[in-house]
Amino acid sequence: MAEFLTETKQYPADPPGAGEPPAPDNRPRPAREVGHPPDGHEATAVLDRARASVDPELRAAVDSLPDAIRRIVRYHFGWEHADGTPAEGNAGKAIRPALVLTAAAALGGPRARTAALRAAAAVELVHNFTLLHDDVMDRDTSRRHRPTAWTVFGVAGAILAGDALEALALRLLAEDPDPASRAAAVRLADCVVELCEGQHTDTAMEERAPEEVTLDEVLAMAEAKTGALIGCACALGGLYAGAAEEEVAALDGFGRQAGLAFQLIDDVIGIWGDPDRTGKPAGADLAARKKSLPVVAALTSGTAAASELAGLYGRPYDETDLERTALAVERAGGRDWAQAEAADRMSRAMQELARAVPDPEAAGSLIALAEFVTRRSS
């Protein structure tokens with residue numbers, strides 16, 4: 001993640017083509033430039049439609065699980081309380097399945113969107129498999145405003161529930177008669193391997209001294225942990241739309257860059273977010289001494305605050321240090337860097353999207369989703 005200082009770019013005084021009429025610009029534009037509201041209303045509508053479309057597939061898949069595991073999964077999704085009684089909890093924003101369906105519609109229309117429903121559900125199952133396992137490995141005690149599954153049902157139960165969700169995801173694709181399902185299953189399986197690699201790198205970094213971790217390493221880890229699945233979601237939508245290989249690759253690139261922007265904002269929220277909105281304790285990442293993107297950017301800044309932060313990170317966590325640690329990250333430039341890097345990654349995502357969906361109107365909902373996840377506060 002050590003291009004911490006913004007590089008000064010040199011531009012020729014008289015670039016080639018100066019004075020000539022500009023070529024038509026067919027790149028996807030931000031939603032506000034193509035008639036979409038800039039306040040997130042379109043993204044919210046897209047997410048709501050995706051959740052309504054995918055939930056029946058998810059519930060049917062989960063209902064096929066053995067009773068004990070099904071109970072854990074239904075609790076994790078917010079569909080039941082710990083005692084098994086019905087609940088109306090938060091099952092998440094459905095960003096990844098929304099990207100599958102929206103990418104399919106952008107390139108193949110409504111029929112492709114309908115065809116991609118199982119793939120969208122499979123991606124959401126994989127995402128929740130990673131959440132169940134991450135909560136165990138990170139010892140997180142709160143998710144979506146209530147206790148995590150492992151704190152309620154035990155470590156073994158949460159791990160096995162996550163394993164079952166991964167198996168369900170691959171079964172959904174294996175049973176899907178659509179011609180795209182085989183390629184989708186291979187891509188999703190490869191993505192899971194990349195996710196595991198990213199998580200392994202993340203946990204290994206926790207054992208290393210603060211000064212031993214580079215920004216490039218953490219960016220690569222974040223792409224594997226977060227960008228890979230978001231890229232896979234977009235690519236699966238392209239597959240079900242019958243897109244060409246180049247278009248599928250561009251959609252994957254769009255998702256990966258947007259995913260990195262997502263992770264950068266997520267890491268900012270993990271330090272400075274409001275617990276009432278995030279559903280997690282304030283400063284949980286700092287307390288766990290996570291080498292998050294803003295933290296590593298701060299540690300590699302070469303500032304006096306970076307030295308202070310390294311000292312704080314090099315000793316056991318003390319609750320009295322939380323505010324001081326967050327302030328050190330901010331004073332060392334970690335917060336500003338993360339926000340600027342998120343904007344840069346979004347710019348790269350738009351360039352990738354232009355290769356796959358050159359029509360700004362067709363790409364509008366994908367742009368709205370990407371902007372939504374990088375402007376969120378929880």
# chains A, B, ... in the order shown; residues from 1 in each chain; ligands from 1
>>> select_by_dssp(residues="segment 92-324 of chain A", states="strand (DSSP E)", output="PDB file with N, CA, C and O atoms, in the first residue's frame")
ATOM      1  N   SER A 142     -19.077  -8.437  17.711  1.00  0.00           N
ATOM      2  CA  SER A 142     -20.307  -7.785  17.268  1.00  0.00           C
ATOM      3  C   SER A 142     -20.315  -7.634  15.752  1.00  0.00           C
ATOM      4  O   SER A 142     -19.304  -7.269  15.156  1.00  0.00           O
ATOM      5  N   ARG A 143     -21.449  -7.948  15.141  1.00  0.00           N
ATOM      6  CA  ARG A 143     -21.653  -7.734  13.715  1.00  0.00           C
ATOM      7  C   ARG A 143     -23.134  -7.432  13.489  1.00  0.00           C
ATOM      8  O   ARG A 143     -24.004  -8.105  14.023  1.00  0.00           O
ATOM      9  N   ARG A 146     -25.400  -6.967  16.662  1.00  0.00           N
ATOM     10  CA  ARG A 146     -25.679  -7.997  17.661  1.00  0.00           C
ATOM     11  C   ARG A 146     -24.483  -8.944  17.757  1.00  0.00           C
ATOM     12  O   ARG A 146     -23.580  -8.898  16.924  1.00  0.00           O
ATOM     13  N   PRO A 147     -24.448  -9.831  18.776  1.00  0.00           N
ATOM     14  CA  PRO A 147     -23.282 -10.702  18.961  1.00  0.00           C
ATOM     15  C   PRO A 147     -23.006 -11.566  17.738  1.00  0.00           C
ATOM     16  O   PRO A 147     -23.930 -12.038  17.073  1.00  0.00           O
TER      17      PRO A 147
END
>>> closest_residue(among="A:Thr130, A:Thr374, A:Thr320, A:Ser307", to="Leu264 of chain A", atoms="only C-alpha atoms")
A:Thr374
>>> closest_atom_pairs(of="segment 201-228 of chain A", to="segment 237-261 of chain A", cutoff="10 Å", atoms="only C-alpha atoms", output="Markdown table")
| residue | atom | partner | partner_atom | distance |
| --- | --- | --- | --- | --- |
| A:Leu219 | CA | A:Leu260 | CA | 7.8 |
| A:Ala220 | CA | A:Leu260 | CA | 9.4 |
| A:Met221 | CA | A:Leu260 | CA | 10.0 |
| A:Ala222 | CA | A:Leu260 | CA | 6.6 |
| A:Glu223 | CA | A:Leu260 | CA | 5.9 |
| A:Ala224 | CA | A:Arg256 | CA | 8.7 |
| A:Lys225 | CA | A:Gly259 | CA | 9.3 |
| A:Thr226 | CA | A:Gly259 | CA | 5.8 |
| A:Gly227 | CA | A:Arg256 | CA | 4.0 |
| A:Ala228 | CA | A:Arg256 | CA | 5.8 |
>>> residues_around(residues="segment 169-172 of chain A", least_positions_apart="2", cutoff="6 Å", atoms="only C-alpha atoms", output="VMD selection string")
chain A and resid 122 125 166 to 167 174 to 175
>>> closest_residue(among="A:Cys234, A:Val296, A:Thr151, A:Ala310", to="Glu352 of chain A", atoms="only C-alpha atoms")
A:Cys234
